[in-house]
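**Q** The structure's right below; bear with me while I get my questions together.
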Amino acid sequence: EHTVHAAKTLRDIGKVSTEAQLILGLLQEAEGRLEALLVGLSDQDIDMSVDGEWSIRQVLEHVINTKSSYSARLAEALA
């Protein structure tokens with residue numbers, strides 16, 4: 001509710017977010033939700049897999065590697 005109000009106020013005063021800012025905001029939001037899911041999990045929980053699916057640890061490794069790859073590409077593109 002507060003985020004919606006802040007976004008509306010920013011829009012009303014002419015401060016419109018760029019597409020890049022919106023994407024980065026969504027990324028930060030997703031990272032926060034992911035972190036909240038992991039709070040209190042044991043190593044056993046994180047390493048468990050069901051029906052041949054990736055474990056949580058494998059998913060996290062993939063997320064970290066993908067983020068690193070994108071970060072490197074963005075830095076390269078900005079240079």
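Going through the structure tokens in order, the chains are called A, B, and so on, while each chain numbers its residues from 1 and the ligands are numbered from 1 in the order shown.
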Which residues of stretch 53-76 of chain A come within 9 Å of stretch 36-45 of chain A, and for each one, what is the closest pair of atoms and their distance in Å to one decimal, counting only C-alpha atoms, sorted by chain and residue number, as a Markdown table?
**A**
```
| residue | atom | partner | partner_atom | distance |
| --- | --- | --- | --- | --- |
| A:Ser55 | CA | A:Asp45 | CA | 8.6 |
| A:Ile56 | CA | A:Asp45 | CA | 7.9 |
| A:Arg57 | CA | A:Asp43 | CA | 8.7 |
```
**Q** From a DSSP calculation on the backbone, collect every residue of chain A in alpha helix (DSSP H) and output the set as a count of residues only.
**A** 59
**Q** Give me the residues near stretch 60-70 of chain A as a ChimeraX atom specification, where near means some atom within 10 Å (using only C-alpha atoms) and where sequence neighbours in that chain fewer than 4 positions away do not count.
**A** /A:27,31,34,46,54-56,74-76
**Q** Could you check which of A:Glu1, A:Val59, A:Glu35, A:Ala72 is closest to A:Asp47, using only C-alpha atoms?
**A**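 Of A:Glu1, A:Val59, A:Glu35, A:Ala72, the one nearest A:Asp47, counting only C-alpha atoms, is A:Val59.
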**Q** Quick one: pull the distance between atom CA of A:Gly25 and atom CA of A:Ala7, Å, one decimal.
**A**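 Answer for the atom CA of A:Gly25 to atom CA of A:Ala7 separation: 11.8 Å.
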**Q** Between atom CA of A:Met48 and atom CA of A:Gln28, measure the distance and give it in Å to one decimal.
**A**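 These atoms are spaced 26.2 Å apart.
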